[in-house]
Amino acid sequence: MGCLSCLLGRKVDSPINRLADLDEELSRIHNVNLYTYKELRIATDDFNPINQVGEGGFGSVYKGRLRNGKIAAIKVLSAESKQGVPEFLTEIKVISDIEHGNLVKLYGCCAEGNHRILVYNYLENNSLAQTLLGGGHSSIQFNWRTRTKICIGVARGLAFLHEEVQPHIIHRDIKASNILLDKDLTPKISDFGLAKLIPPSMTHVSTRVAGTIGYLAPEYAIRGQLTRKADIYSFGVLLVEIVSGRCNTNTRLPLEERYLLERTWELYERKELVGLVDTALNGDFDAEQACGFLKIGLLCTQDTPKLRPSMSTVVKMLTGEVDIDNNKITKPGLISDFLDLKVRSTPEIKPDINTTSYNMSTGSDNLDNSTLSSGTSSRATATFTALYERSI
Ligand SMILES: Nc1ncnc2c1ncn2[C@@H]1O[C@H](COP(=O)(O)OP(=O)(O)OP(=O)(O)O)[C@@H](O)[C@H]1O
């Protein structure tokens, strides 16, 4: 408790009495809405498992009612997060200042003692992973109109993070479980800015291993080269998932259908893209638009990062303001090529992930050159290694 005063470099006469004042002071400096641990305990009925709505790599998520009556999603970050209060609040301020109709709103946080808790707007209709891709466990009807609204909404949210927020934000983990749906099925991207709250030493290994591999841009997964183009790759995979209604990786399918992006490329080459559209739509969709979306998915997942369009261009292509240039579509960058290579090699000669050369173009991001520090790079590699090890 006394560490708050140390952080401020102040002498405190009575730590317990002054704690609230210090919190208030920090909150004012950072202009962040601070919740007390007690309030969040009450909101969640002492973090009662009944109120737990999810579990992710960052920690557990609870549904709770705040003192002002609002329903919130309360994300308790894992105890390993030892970030100091001022640093934590600085990052939180960046996130809570960002407002967009397609981004989950952060109400505030709790940074008492070792607790690091984020309080978000609660979204009623869960994530795309649990609904559209949840294998029939949801009663939501995703008709073609709803799907187009979701694709365009996610693209707008990501374009906003990439191109309008200063300094721009790379999400790093665009995937179906990070797309939440409100009561009108408007999509909201969650978890943006979260990567910065986790110390570089702490590897964030996702709960859905195979799924996550499928979203990773090859240059990020293998070399830790992170630019906005890595997000655009993940968005491309998500786009194809939404149109086809299936996960990017399904190991129960025959080998040739297992990897969605690979399948998309095959059908594109055979001019049979329409065959990939979700059969649950019973043919009730605009075939030209659906195939257009799949082609945009292919453009976003091009192997060479600089060939992937920016998110604002993606929005324009999705809305029909800009034409899709078929000539620009070449074979996408497939992480499965790399995995196959490894899976097929014998265990004794299993190559070292850090030294294996991967035949990959190295185009730099025209928008930025924000490859990250070696800490992040090794985390990306470590994540990939962990994912890879668990996938075979
Ligand atoms: N704002 C929210 N409103 C409603 N439910 C939420 C909200 N945020 C998270 N959840 C629920 O909690 C679950 C876990 O979310 P979290 O973001 O922690 O992990 P994840 O994205 O599913 O997985 P990972 O951390 O491995 O990427 C979500 O799938 C969703 O069901």
# chains A, B, ... in the order shown; residues from 1 in each chain; ligands from 1
call {"tool": "select_by_dssp", "arguments": {"residues": "range 41-191 of chain A", "states": "strand (DSSP E)", "output": "ChimeraX atom specification"}}
result
/A:52-56,59-65,71-77,106-110,117-121,179-181,187-189
call {"tool": "write_last_selection", "arguments": {"atoms": "N, CA and C atoms", "output": "tab-separated table (two decimals), in the first residue's frame"}}
result
chain	number	residue	atom	x	y	z
A	52	GLN	N	-18.34	-14.95	-13.86
A	52	GLN	CA	-17.24	-14.97	-14.82
A	52	GLN	C	-17.78	-15.24	-16.22
A	53	VAL	N	-17.46	-14.33	-17.16
A	53	VAL	CA	-17.98	-14.52	-18.52
A	53	VAL	C	-16.90	-14.99	-19.49
A	54	GLY	N	-15.67	-14.98	-19.04
A	54	GLY	CA	-14.62	-15.43	-19.96
A	54	GLY	C	-13.28	-15.50	-19.28
A	55	GLU	N	-12.38	-16.12	-20.00
A	55	GLU	CA	-11.01	-16.29	-19.51
A	55	GLU	C	-10.11	-16.13	-20.72
A	56	GLY	N	-9.19	-15.19	-20.65
A	56	GLY	CA	-8.28	-15.02	-21.78
A	56	GLY	C	-6.85	-15.09	-21.31
A	59	GLY	N	-6.13	-12.66	-18.45
A	59	GLY	CA	-6.77	-12.86	-17.14
A	59	GLY	C	-8.25	-13.19	-17.29
A	60	SER	N	-8.97	-13.13	-16.15
A	60	SER	CA	-10.38	-13.51	-16.16
A	60	SER	C	-11.28	-12.28	-16.34
A	61	VAL	N	-12.42	-12.52	-16.98
A	61	VAL	CA	-13.37	-11.42	-17.22
A	61	VAL	C	-14.67	-11.72	-16.47
A	62	TYR	N	-15.14	-10.74	-15.70
A	62	TYR	CA	-16.39	-10.90	-14.94
A	62	TYR	C	-17.40	-9.87	-15.40
A	63	LYS	N	-18.67	-10.24	-15.28
A	63	LYS	CA	-19.74	-9.28	-15.52
A	63	LYS	C	-20.10	-8.69	-14.17
A	64	GLY	N	-20.30	-7.38	-14.11
A	64	GLY	CA	-20.64	-6.79	-12.82
A	64	GLY	C	-21.45	-5.52	-12.97
A	65	ARG	N	-22.14	-5.14	-11.89
A	65	ARG	CA	-22.91	-3.89	-11.91
A	65	ARG	C	-22.18	-2.86	-11.07
A	71	ILE	N	-23.72	-1.77	-16.28
A	71	ILE	CA	-23.18	-3.14	-16.33
A	71	ILE	C	-21.81	-3.06	-17.02
A	72	ALA	N	-20.83	-3.72	-16.42
A	72	ALA	CA	-19.47	-3.63	-16.96
A	72	ALA	C	-18.84	-5.00	-17.11
A	73	ALA	N	-17.86	-5.07	-18.01
A	73	ALA	CA	-17.01	-6.27	-18.11
A	73	ALA	C	-15.74	-5.93	-17.35
A	74	ILE	N	-15.43	-6.71	-16.35
A	74	ILE	CA	-14.33	-6.39	-15.43
A	74	ILE	C	-13.21	-7.40	-15.64
A	75	LYS	N	-12.12	-6.92	-16.22
A	75	LYS	CA	-11.03	-7.83	-16.62
A	75	LYS	C	-9.90	-7.75	-15.60
A	76	VAL	N	-9.70	-8.84	-14.89
A	76	VAL	CA	-8.67	-8.90	-13.85
A	76	VAL	C	-7.38	-9.40	-14.49
A	77	LEU	N	-6.40	-8.51	-14.64
A	77	LEU	CA	-5.14	-8.92	-15.28
A	77	LEU	C	-4.37	-9.87	-14.37
A	106	LEU	N	-13.36	1.70	-22.77
A	106	LEU	CA	-12.78	1.43	-21.44
A	106	LEU	C	-13.33	2.49	-20.49
A	107	TYR	N	-14.03	2.05	-19.45
A	107	TYR	CA	-14.57	3.00	-18.47
A	107	TYR	C	-13.47	3.52	-17.54
A	108	GLY	N	-12.57	2.61	-17.14
A	108	GLY	CA	-11.53	3.00	-16.19
A	108	GLY	C	-10.83	1.76	-15.66
A	109	CYS	N	-10.18	1.91	-14.53
A	109	CYS	CA	-9.41	0.78	-14.02
A	109	CYS	C	-9.26	0.84	-12.50
A	110	CYS	N	-8.67	-0.22	-11.97
A	110	CYS	CA	-8.31	-0.25	-10.56
A	110	CYS	C	-6.83	-0.62	-10.51
A	117	ILE	N	-6.84	-4.03	-12.75
A	117	ILE	CA	-8.15	-4.44	-13.27
A	117	ILE	C	-8.66	-3.39	-14.26
A	118	LEU	N	-9.18	-3.87	-15.37
A	118	LEU	CA	-9.73	-2.96	-16.38
A	118	LEU	C	-11.25	-3.07	-16.39
A	119	VAL	N	-11.91	-1.94	-16.54
A	119	VAL	CA	-13.38	-1.94	-16.51
A	119	VAL	C	-13.88	-1.43	-17.86
A	120	TYR	N	-14.59	-2.30	-18.55
A	120	TYR	CA	-15.06	-1.98	-19.90
A	120	TYR	C	-16.58	-1.94	-19.98
A	121	ASN	N	-17.04	-1.27	-21.02
A	121	ASN	CA	-18.45	-1.35	-21.39
A	121	ASN	C	-18.77	-2.83	-21.64
A	179	ILE	N	-13.50	-9.68	-31.20
A	179	ILE	CA	-14.56	-8.87	-31.82
A	179	ILE	C	-15.84	-9.16	-31.04
A	180	LEU	N	-16.27	-8.17	-30.28
A	180	LEU	CA	-17.47	-8.35	-29.45
A	180	LEU	C	-18.65	-7.68	-30.15
A	181	LEU	N	-19.84	-8.16	-29.81
A	181	LEU	CA	-21.05	-7.65	-30.48
A	181	LEU	C	-22.00	-7.03	-29.46
A	187	PRO	N	-20.21	-4.49	-34.31
A	187	PRO	CA	-18.95	-5.08	-33.81
A	187	PRO	C	-18.09	-4.05	-33.08
A	188	LYS	N	-17.44	-4.50	-32.04
A	188	LYS	CA	-16.53	-3.62	-31.27
A	188	LYS	C	-15.23	-4.40	-31.06
A	189	ILE	N	-14.13	-3.78	-31.45
A	189	ILE	CA	-12.83	-4.43	-31.26
A	189	ILE	C	-12.43	-4.27	-29.79
call {"tool": "residues_around", "arguments": {"residues": "Thr249 in chain A", "least_positions_apart": "4", "cutoff": "9 Å", "atoms": "only C-alpha atoms", "output": "ChimeraX atom specification"}}
result
/A:210-211,213-214,253,257-261
call {"tool": "residues_around", "arguments": {"residues": "Cys247 in chain A", "least_positions_apart": "3", "cutoff": "9 Å", "atoms": "only C-alpha atoms", "output": "PyMOL selection string"}}
result
chain A and resi 129+133-134+176+211+214+238+240-242+244+250+259-260
call {"tool": "closest_residue", "arguments": {"among": "A:Asp173, A:Asp284, A:Asp303, A:Glu266", "to": "ligand 1", "atoms": "only C-alpha atoms and all ligand atoms"}}
result
A:Asp173
call {"tool": "closest_residue", "arguments": {"among": "A:Leu66, A:Ile174, A:Val154, A:Ala43", "to": "ligand 1", "atoms": "only C-alpha atoms and all ligand atoms"}}
result
A:Ile174
call {"tool": "select_by_dssp", "arguments": {"residues": "range 83-330 of chain A", "states": "alpha helix (DSSP H)", "output": "JSON, numbers by chain"}}
result
{"A": [85, 86, 87, 88, 89, 90, 91, 92, 93, 94, 95, 96, 144, 145, 146, 147, 148, 149, 150, 151, 152, 153, 154, 155, 156, 157, 158, 159, 209, 210, 211, 212, 213, 214, 215, 218, 219, 220, 221, 222, 223, 228, 229, 230, 231, 232, 233, 234, 235, 236, 237, 238, 239, 240, 241, 242, 243, 244, 255, 256, 257, 258, 260, 261, 262, 263, 264, 265, 266, 267, 268, 269, 287, 288, 289, 290, 291, 292, 293, 294, 295, 296, 297, 298, 299, 300, 311, 312, 313, 314, 315, 316, 317, 318, 319]}
call {"tool": "write_last_selection", "arguments": {"atoms": "C-alpha atoms", "output": "compact mmCIF listing (two decimals), in the first residue's frame"}}
result
# COMPACT_ATOMS: atom_id res chain seq x y z
CA VAL A 85 0.90 2.51 -11.00
CA PRO A 86 1.99 5.64 -12.94
CA GLU A 87 3.12 3.60 -15.97
CA PHE A 88 -0.06 1.54 -15.84
CA LEU A 89 -2.21 4.67 -15.66
CA THR A 90 -0.31 6.28 -18.54
CA GLU A 91 -1.15 3.33 -20.77
CA ILE A 92 -4.71 3.26 -19.49
CA LYS A 93 -5.11 6.93 -20.32
CA VAL A 94 -4.05 6.27 -23.90
CA ILE A 95 -6.71 3.56 -24.19
CA SER A 96 -9.49 5.37 -22.36
CA TRP A 144 -25.55 -11.50 -45.17
CA ARG A 145 -26.47 -7.90 -44.23
CA THR A 146 -25.31 -8.45 -40.65
CA ARG A 147 -22.05 -9.95 -41.87
CA THR A 148 -21.32 -7.00 -44.17
CA LYS A 149 -22.04 -4.63 -41.27
CA ILE A 150 -19.65 -6.57 -39.06
CA CYS A 151 -16.85 -6.68 -41.66
CA ILE A 152 -17.12 -2.97 -42.44
CA GLY A 153 -17.42 -2.03 -38.75
CA VAL A 154 -14.30 -3.97 -37.75
CA ALA A 155 -12.41 -2.46 -40.71
CA ARG A 156 -13.44 1.05 -39.63
CA GLY A 157 -12.39 0.45 -36.03
CA LEU A 158 -9.00 -0.84 -37.12
CA ALA A 159 -8.52 1.98 -39.67
CA VAL A 209 -3.75 -22.11 -29.91
CA ALA A 210 -4.51 -23.31 -33.42
CA GLY A 211 -6.78 -20.33 -34.07
CA THR A 212 -4.16 -17.83 -33.15
CA ILE A 213 -1.52 -19.32 -35.41
CA GLY A 214 -3.87 -18.85 -38.30
CA TYR A 215 -4.15 -15.10 -37.72
CA PRO A 218 4.30 -14.75 -41.28
CA GLU A 219 6.79 -11.90 -40.81
CA TYR A 220 5.49 -11.22 -37.30
CA ALA A 221 5.23 -14.86 -36.23
CA ILE A 222 8.66 -15.80 -37.44
CA ARG A 223 10.75 -12.67 -37.17
CA ARG A 228 0.30 -2.25 -39.00
CA LYS A 229 0.52 -4.68 -41.89
CA ALA A 230 0.52 -7.58 -39.40
CA ASP A 231 -2.90 -6.41 -38.16
CA ILE A 232 -4.08 -6.10 -41.75
CA TYR A 233 -3.07 -9.72 -42.34
CA SER A 234 -5.08 -10.83 -39.27
CA PHE A 235 -8.03 -8.75 -40.45
CA GLY A 236 -7.88 -10.53 -43.84
CA VAL A 237 -8.12 -13.90 -42.11
CA LEU A 238 -11.03 -12.68 -39.98
CA LEU A 239 -12.82 -11.36 -43.08
CA VAL A 240 -12.66 -14.78 -44.74
CA GLU A 241 -13.90 -16.40 -41.52
CA ILE A 242 -16.93 -14.10 -41.38
CA VAL A 243 -17.89 -14.79 -45.01
CA SER A 244 -17.31 -18.54 -44.76
CA LEU A 255 -5.84 -31.90 -44.96
CA GLU A 256 -6.76 -30.00 -48.12
CA GLU A 257 -9.57 -28.12 -46.34
CA ARG A 258 -7.90 -27.66 -42.96
CA LEU A 260 -9.02 -21.65 -44.53
CA LEU A 261 -6.65 -19.26 -46.27
CA GLU A 262 -5.04 -22.04 -48.26
CA ARG A 263 -8.51 -23.20 -49.28
CA THR A 264 -9.49 -19.66 -50.26
CA TRP A 265 -6.47 -19.39 -52.53
CA GLU A 266 -7.21 -22.76 -54.16
CA LEU A 267 -10.83 -21.82 -54.85
CA TYR A 268 -9.76 -18.39 -56.12
CA GLU A 269 -7.39 -20.01 -58.58
CA ALA A 287 -22.52 -13.42 -54.57
CA GLU A 288 -20.53 -10.64 -56.22
CA GLN A 289 -20.11 -8.80 -52.94
CA ALA A 290 -19.25 -11.98 -51.02
CA CYS A 291 -16.56 -12.96 -53.55
CA GLY A 292 -15.29 -9.37 -53.43
CA PHE A 293 -14.91 -9.66 -49.65
CA LEU A 294 -12.99 -12.92 -50.06
CA LYS A 295 -10.68 -11.26 -52.59
CA ILE A 296 -10.09 -8.40 -50.13
CA GLY A 297 -9.20 -11.09 -47.59
CA LEU A 298 -6.61 -12.42 -50.03
CA LEU A 299 -5.22 -8.92 -50.65
CA CYS A 300 -4.89 -8.31 -46.90
CA MET A 311 -7.10 -0.27 -43.58
CA SER A 312 -8.67 2.93 -44.94
CA THR A 313 -8.35 1.46 -48.45
CA VAL A 314 -9.86 -1.79 -47.16
CA VAL A 315 -12.86 0.16 -45.84
CA LYS A 316 -13.30 1.78 -49.25
CA MET A 317 -13.05 -1.57 -51.02
CA LEU A 318 -15.60 -3.13 -48.68
CA THR A 319 -18.04 -0.28 -49.21
call {"tool": "closest_residue", "arguments": {"among": "A:Ile42, A:Ser190, A:Lys70, A:Gly57", "to": "Val104 in chain A", "atoms": "only C-alpha atoms"}}
result
A:Ser190
call {"tool": "closest_residue", "arguments": {"among": "A:Asp45, A:Glu164, A:Asp191, A:Glu39", "to": "ligand 1", "atoms": "only C-alpha atoms and all ligand atoms"}}
result
A:Asp191
call {"tool": "residues_around", "arguments": {"residues": "Ala280 in chain A", "least_positions_apart": "6", "cutoff": "9 Å", "atoms": "only C-alpha atoms", "output": "number ranges by chain"}}
result
A: 142-143, 245
call {"tool": "closest_residue", "arguments": {"among": "A:Ile140, A:Leu128, A:Leu226, A:Leu281", "to": "ligand 1", "atoms": "only C-alpha atoms and all ligand atoms"}}
result
A:Leu128
call {"tool": "closest_residue", "arguments": {"among": "A:His168, A:Lys183, A:Lys38, A:Arg67", "to": "ligand 1", "atoms": "only C-alpha atoms and all ligand atoms"}}
result
A:Lys183
